[in-house]
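First up is the structure itself, then whatever we jot down about it.
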Amino acid sequence: MYDWLIVGAGFAGSVLAERLASQRNERILLIDRRNHIGGNAYDHYNEDGLLIHQYGPHIFHTNSKQIFDYLSRFTEWRFYEHRVLAEVDGTLVPIPINLDTVNKLYGLKLTSEELQEWFSQRAERVPEIKTSEDVVVSAVGRELYEKFFRGYTRKQWGLDPSELDKSVTSRVPTRTNQDDRYFGDEFQFMPKHGYTSMFKRMLDHPNIHIMTQTDYDDVKNIIPHRRIIYTGPIDEYFGFRFGKLPYRSLRFRHVTLDQPWHQPVAVVNYPQTNDYTRITEYKYLTGQVHARTALTYEYPSAQGDPYYPIPKAENQELFKKYERLALTTPDVWFVGRLATYRYYNMDQIVGQALATFRRINETLPAETDT
Ligand code: FAD
Ligand code: UDP
């Protein structure tokens, strides 16, 4: 008899497996329908020996020392600050939009103060910022919005930014200085030996049994367990009874080139051209020294594995129906990006899992402790 059946071996499931096994001495069966642990953060060496991310680029960043310290138990880190260029009007310029972006694109020599004024002359007055279009046009005006955001967002989500919640484009700031880092967080690092290696250490505990290529539906009635942590799509758990929650998918095209480097930074975004949104070159992330270089192209798609919950009011309403049902489902805890339908980064999922662990401790006194 397992104390917990944990469905999904991504950050949500793995952090909870680690906590419950090590802090409450409970017996865990951790399953995943894929043939590996790590969820979407899974990385591996390809046939050329280059470390790649199977499900697109994963860069760790957080402002939470607690989350950083927790993960530091399972990995050493490589300092890495992420930089992204966007190909706009045939030129590569920094994104987030900053002083150099505008000066390069328009052949200007503005100072930070002048850029502030330049933006305010172009910014549109939006009484209440509600959509992803509002966020950008109210900050930098329509022209830059169309160049950098409209096309990329339509491609990535299959929706116009005016149809998406403001939280989507709010992820990308606007700057008037020369800071060209993609993230502003205090802690920005990559796990030194990769994510999968970090997950292996996290799950290396005698109380944790792992079964990959195992679907919840196939084992739920066979394997005795007392409680469940479910990190898959919440609508799937409930047999889609209120209808399907929309998720956006991607197709990843992994390529190795017989040359040391392909592009000047880890990620180049394509807001105006091509069917793919971005190209990632992993050696910048991993620091690997290799004669070849590995890239991933991301092609957004409506079909395929659910990667992104789609932040939009009507989807949130549908999710709330499932959430209400979840609250009345005893002994099942719903955690993670798919089960809570939140467009969360890795650190937020770790935070959510640690908070769930605290709630479990409050609700269920550990038997082994008494
Ligand atoms: P997942 O990693 O999705 O894990 C859920 C697991 O559950 C999956 O492995 C799935 O196979 C399994 N599962 C589902 N249903 C079942 C079932 N019925 N039976 C068995 N197994 C099941 N975050 C960042 O912080 N930085 C980044 O740079 C970043 N880049 C990203 C790039 C892309 C392209 C994507 C898609 C996401 C990115 N993220 C990034 C977000 C990050 O991937 C997530 O925050 C994190 O991986 C979510 O962890 P999770 O455990 O909730 O879900
Ligand atoms: N975005 C954009 N142009 C860019 C970068 C981002 O329009 O060059 C928008 C787009 O809608 C994207 C969102 O901002 O989905 C969030 O970008 P982020 O890089 O955080 O996306 P993720 O890495 O999660 O795919």
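We name chains A, B, ... following the order of the structure tokens; residues begin at 1 in each chain, and ligands are numbered from 1 as shown.
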*Show me which residues sit within 6 Å of ligand 2 when counting only C-alpha atoms and all ligand atoms, and put them as an MDAnalysis selection string.*
chainID A and resid 86 148:150 152:153 156 168:169 171:172 269 271
At a cut-off of 7 Å and counting only C-alpha atoms and all ligand atoms, what residues surround ligand 1? Please answer as a PDB file with C-alpha atoms, in the first residue's frame.
ATOM      1  CA  VAL A   7       0.717  11.475 -11.083  1.00  0.00           C
ATOM      2  CA  GLY A   8       3.343  13.370 -13.089  1.00  0.00           C
ATOM      3  CA  ALA A   9       7.099  13.511 -12.470  1.00  0.00           C
ATOM      4  CA  GLY A  10       7.617  17.186 -13.330  1.00  0.00           C
ATOM      5  CA  PHE A  11       8.495  19.860 -10.766  1.00  0.00           C
ATOM      6  CA  ALA A  12       5.123  19.662  -8.999  1.00  0.00           C
ATOM      7  CA  GLY A  13       5.093  15.874  -8.576  1.00  0.00           C
ATOM      8  CA  ILE A  31       4.202   7.756 -12.189  1.00  0.00           C
ATOM      9  CA  ASP A  32       4.518   9.522 -15.516  1.00  0.00           C
ATOM     10  CA  ARG A  33       3.037   8.586 -18.868  1.00  0.00           C
ATOM     11  CA  ARG A  34       6.222   9.745 -20.594  1.00  0.00           C
ATOM     12  CA  ILE A  37      11.166  12.086 -15.212  1.00  0.00           C
ATOM     13  CA  GLY A  38      11.413  15.906 -15.178  1.00  0.00           C
ATOM     14  CA  GLY A  39       8.177  16.771 -16.979  1.00  0.00           C
ATOM     15  CA  ASN A  40       8.617  19.613 -19.434  1.00  0.00           C
ATOM     16  CA  ALA A  41      11.979  20.520 -17.908  1.00  0.00           C
ATOM     17  CA  TYR A  55      10.409  20.447 -24.616  1.00  0.00           C
ATOM     18  CA  GLY A  56      12.019  23.781 -25.439  1.00  0.00           C
ATOM     19  CA  PRO A  57      14.333  26.129 -23.545  1.00  0.00           C
ATOM     20  CA  HIS A  58      14.038  26.125 -19.762  1.00  0.00           C
ATOM     21  CA  ILE A  59      15.881  28.907 -17.965  1.00  0.00           C
ATOM     22  CA  PHE A  60      15.681  29.011 -14.206  1.00  0.00           C
ATOM     23  CA  HIS A  61      15.036  32.395 -12.593  1.00  0.00           C
ATOM     24  CA  THR A 214       2.584   4.590 -16.877  1.00  0.00           C
ATOM     25  CA  ASP A 215      -0.729   6.351 -17.340  1.00  0.00           C
ATOM     26  CA  TYR A 216      -2.886   7.163 -14.340  1.00  0.00           C
ATOM     27  CA  ASP A 217      -5.931   5.556 -15.948  1.00  0.00           C
ATOM     28  CA  THR A 231      -0.336  17.146 -11.720  1.00  0.00           C
ATOM     29  CA  GLY A 232      -1.850  16.364 -15.143  1.00  0.00           C
ATOM     30  CA  PRO A 233      -4.581  18.383 -16.883  1.00  0.00           C
ATOM     31  CA  TYR A 307       2.019  22.961 -22.794  1.00  0.00           C
ATOM     32  CA  TYR A 308       0.379  26.298 -22.071  1.00  0.00           C
ATOM     33  CA  VAL A 335      -0.921  20.787  -8.120  1.00  0.00           C
ATOM     34  CA  GLY A 336       1.119  22.157 -11.032  1.00  0.00           C
ATOM     35  CA  ARG A 337       0.723  24.098 -14.260  1.00  0.00           C
ATOM     36  CA  LEU A 338      -1.800  21.737 -15.868  1.00  0.00           C
ATOM     37  CA  TYR A 344       3.476  29.450 -14.138  1.00  0.00           C
ATOM     38  CA  ASN A 345       7.243  29.312 -14.417  1.00  0.00           C
ATOM     39  CA  MET A 346       9.277  26.536 -12.824  1.00  0.00           C
ATOM     40  CA  ASP A 347      10.034  28.483  -9.653  1.00  0.00           C
ATOM     41  CA  GLN A 348       6.344  29.289  -9.169  1.00  0.00           C
ATOM     42  CA  ILE A 349       5.511  25.598  -9.494  1.00  0.00           C
TER      43      ILE A 349
END
*Name the residues in contact with Ser72 (chain A) at a cut-off of 10 Å, using only C-alpha atoms, excluding same-chain residues fewer than 6 positions from it; report them as number ranges by chain.*
A: 66, 191, 198
*asked:* Report as number ranges by chain all protein, DNA and RNA residues lying within 6 Å of region 280-296 of chain A, evaluated on only C-alpha atoms, omitting residues in the same chain fewer than 2 positions from it.
replied: A: 253-261, 266-267
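Straight-line separation from CA of Lys130 (chain A) to CA of Phe334 (chain A): 28.2 Å.
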*Quick one: everything within 8 Å of region 94-100 of chain A, counting only C-alpha atoms, minus sequence neighbours fewer than 2 positions away in the same chain. Send it as a ChimeraX atom specification.*
/A:83-86,92,102-104,110-112,115,172-182
_Contacts of Lys200 (chain A) at 10 Å (only C-alpha atoms; same-chain gap of 4+ positions) as a PyMOL selection string_ = chain A and resi 14+37-38+74-75+195-196+204-205
_Non-local contacts of region 135-137 of chain A (6 Å; only C-alpha atoms; under 6 positions in same chain excluded) as a list in words_ =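 Residues near the query, excluding close chain neighbours: Ala123, Glu124 and Tyr145 of chain A.
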Export C-alpha atoms of the chosen residues as a JSON list (two decimals), in the first residue's frame?
[["chain", "number", "residue", "atom", "x", "y", "z"],
["A", 123, "ALA", "CA", 1.91, 55.43, -25.88],
["A", 124, "GLU", "CA", -1.86, 55.10, -26.24],
["A", 145, "TYR", "CA", 3.54, 46.68, -30.49]]
*Mind pulling up the distance from CA of Leu354 (chain A) to CA of Leu16 (chain A)?*
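Interatomic distance here is 7.2 Å.
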_Minimum-distance residue to Thr277 (chain A), chosen among A:Arg241, A:Lys109, A:Lys155, A:Arg24 (using only C-alpha atoms)_ =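 Looking only at the distances to Thr277 (chain A), the closest residue turns out to be A:Lys155.
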*Looking at A:Leu5, A:Arg251, A:Gly194, A:Ile223, which one is nearest to Tyr45 (chain A), with distances taken over only C-alpha atoms?*
A:Gly194
Any chance you could list, as a PDB file with C-alpha atoms, in the first residue's frame, the residues in region 53-142 of chain A that come up alpha helix (DSSP H) when DSSP is run on the backbone?
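File produced: result_38.pdb:
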ATOM      1  CA  LYS A  65      15.659  32.696  -1.882  1.00  0.00           C
ATOM      2  CA  GLN A  66      13.597  29.961  -0.263  1.00  0.00           C
ATOM      3  CA  ILE A  67      12.924  28.292  -3.622  1.00  0.00           C
ATOM      4  CA  PHE A  68      16.499  28.743  -4.777  1.00  0.00           C
ATOM      5  CA  ASP A  69      17.864  27.285  -1.524  1.00  0.00           C
ATOM      6  CA  TYR A  70      15.481  24.344  -1.705  1.00  0.00           C
ATOM      7  CA  LEU A  71      16.571  23.384  -5.229  1.00  0.00           C
ATOM      8  CA  SER A  72      20.233  23.973  -4.304  1.00  0.00           C
ATOM      9  CA  LEU A  99      17.270  51.883 -25.162  1.00  0.00           C
ATOM     10  CA  ASP A 100      19.457  49.998 -27.639  1.00  0.00           C
ATOM     11  CA  THR A 101      16.423  48.417 -29.318  1.00  0.00           C
ATOM     12  CA  VAL A 102      14.905  51.777 -30.213  1.00  0.00           C
ATOM     13  CA  ASN A 103      18.196  53.452 -31.117  1.00  0.00           C
ATOM     14  CA  LYS A 104      19.229  50.608 -33.386  1.00  0.00           C
ATOM     15  CA  LEU A 105      15.857  50.145 -35.040  1.00  0.00           C
ATOM     16  CA  TYR A 106      15.338  53.861 -35.768  1.00  0.00           C
ATOM     17  CA  SER A 112      17.225  57.076 -21.319  1.00  0.00           C
ATOM     18  CA  GLU A 113      15.356  60.270 -20.460  1.00  0.00           C
ATOM     19  CA  GLU A 114      14.735  61.062 -24.113  1.00  0.00           C
ATOM     20  CA  LEU A 115      13.458  57.542 -24.653  1.00  0.00           C
ATOM     21  CA  GLN A 116      10.987  57.961 -21.808  1.00  0.00           C
ATOM     22  CA  GLU A 117       9.638  61.036 -23.605  1.00  0.00           C
ATOM     23  CA  TRP A 118       9.724  59.176 -26.972  1.00  0.00           C
ATOM     24  CA  PHE A 119       7.596  56.382 -25.482  1.00  0.00           C
ATOM     25  CA  SER A 120       5.121  58.759 -23.869  1.00  0.00           C
ATOM     26  CA  GLN A 121       4.580  60.556 -27.191  1.00  0.00           C
ATOM     27  CA  ARG A 122       3.644  57.221 -28.755  1.00  0.00           C
ATOM     28  CA  SER A 132      -2.266  41.812 -23.764  1.00  0.00           C
ATOM     29  CA  GLU A 133      -2.651  44.468 -26.449  1.00  0.00           C
ATOM     30  CA  ASP A 134      -3.462  47.142 -23.843  1.00  0.00           C
ATOM     31  CA  VAL A 135      -0.274  46.349 -21.907  1.00  0.00           C
ATOM     32  CA  VAL A 136       2.025  47.036 -24.833  1.00  0.00           C
ATOM     33  CA  VAL A 137       0.268  49.878 -26.690  1.00  0.00           C
ATOM     34  CA  SER A 138      -0.049  51.784 -23.415  1.00  0.00           C
ATOM     35  CA  ALA A 139       3.692  51.448 -22.792  1.00  0.00           C
ATOM     36  CA  VAL A 140       5.412  51.841 -26.179  1.00  0.00           C
ATOM     37  CA  ARG A 142       1.189  50.816 -31.630  1.00  0.00           C
TER      38      ARG A 142
END
*Which value, in Å to one decimal, gives the distance between CA of Val88 (chain A) and CA of Trp157 (chain A)?*
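Result for CA of Val88 (chain A) versus CA of Trp157 (chain A): 19.5 Å, one decimal.
Taking only C-alpha atoms into account, Asn25 (chain A) lies nearest to A:Pro206 out of the set A:Val93, A:Gly304, A:Arg154, A:Pro206.
Nearest residue to Asn63 (chain A) among A:Leu108, A:Arg226, A:Gly351, A:Pro127 is A:Gly351, counting only C-alpha atoms.
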_Between A:Phe79, A:Phe242, A:Tyr237, A:Tyr42, which residue has the minimum interatomic distance to Met190 (chain A), considering only C-alpha atoms?_
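Counting only C-alpha atoms, the residue closest to Met190 (chain A) is A:Phe79.
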*Which residue gives the smallest distance to Thr62 (chain A) among A:Asp185, A:Val350, A:His193, A:Met211, with only C-alpha atoms counted?*
A:Asp185
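Within region 116-260 of chain A, DSSP run on the backbone puts these residues in strand (DSSP E or B): Thr131, Asp165, Arg181, Phe187, Gln188, Phe189, Met190, Pro191, Ile208, His209, Ile210, Met211, His225, Arg226, Arg227, Ile228, Ile229, Tyr230, Tyr247, Arg248, Ser249, Leu250, Arg251, Phe252, Arg253, His254, Val255, Thr256 and Leu257 of chain A.
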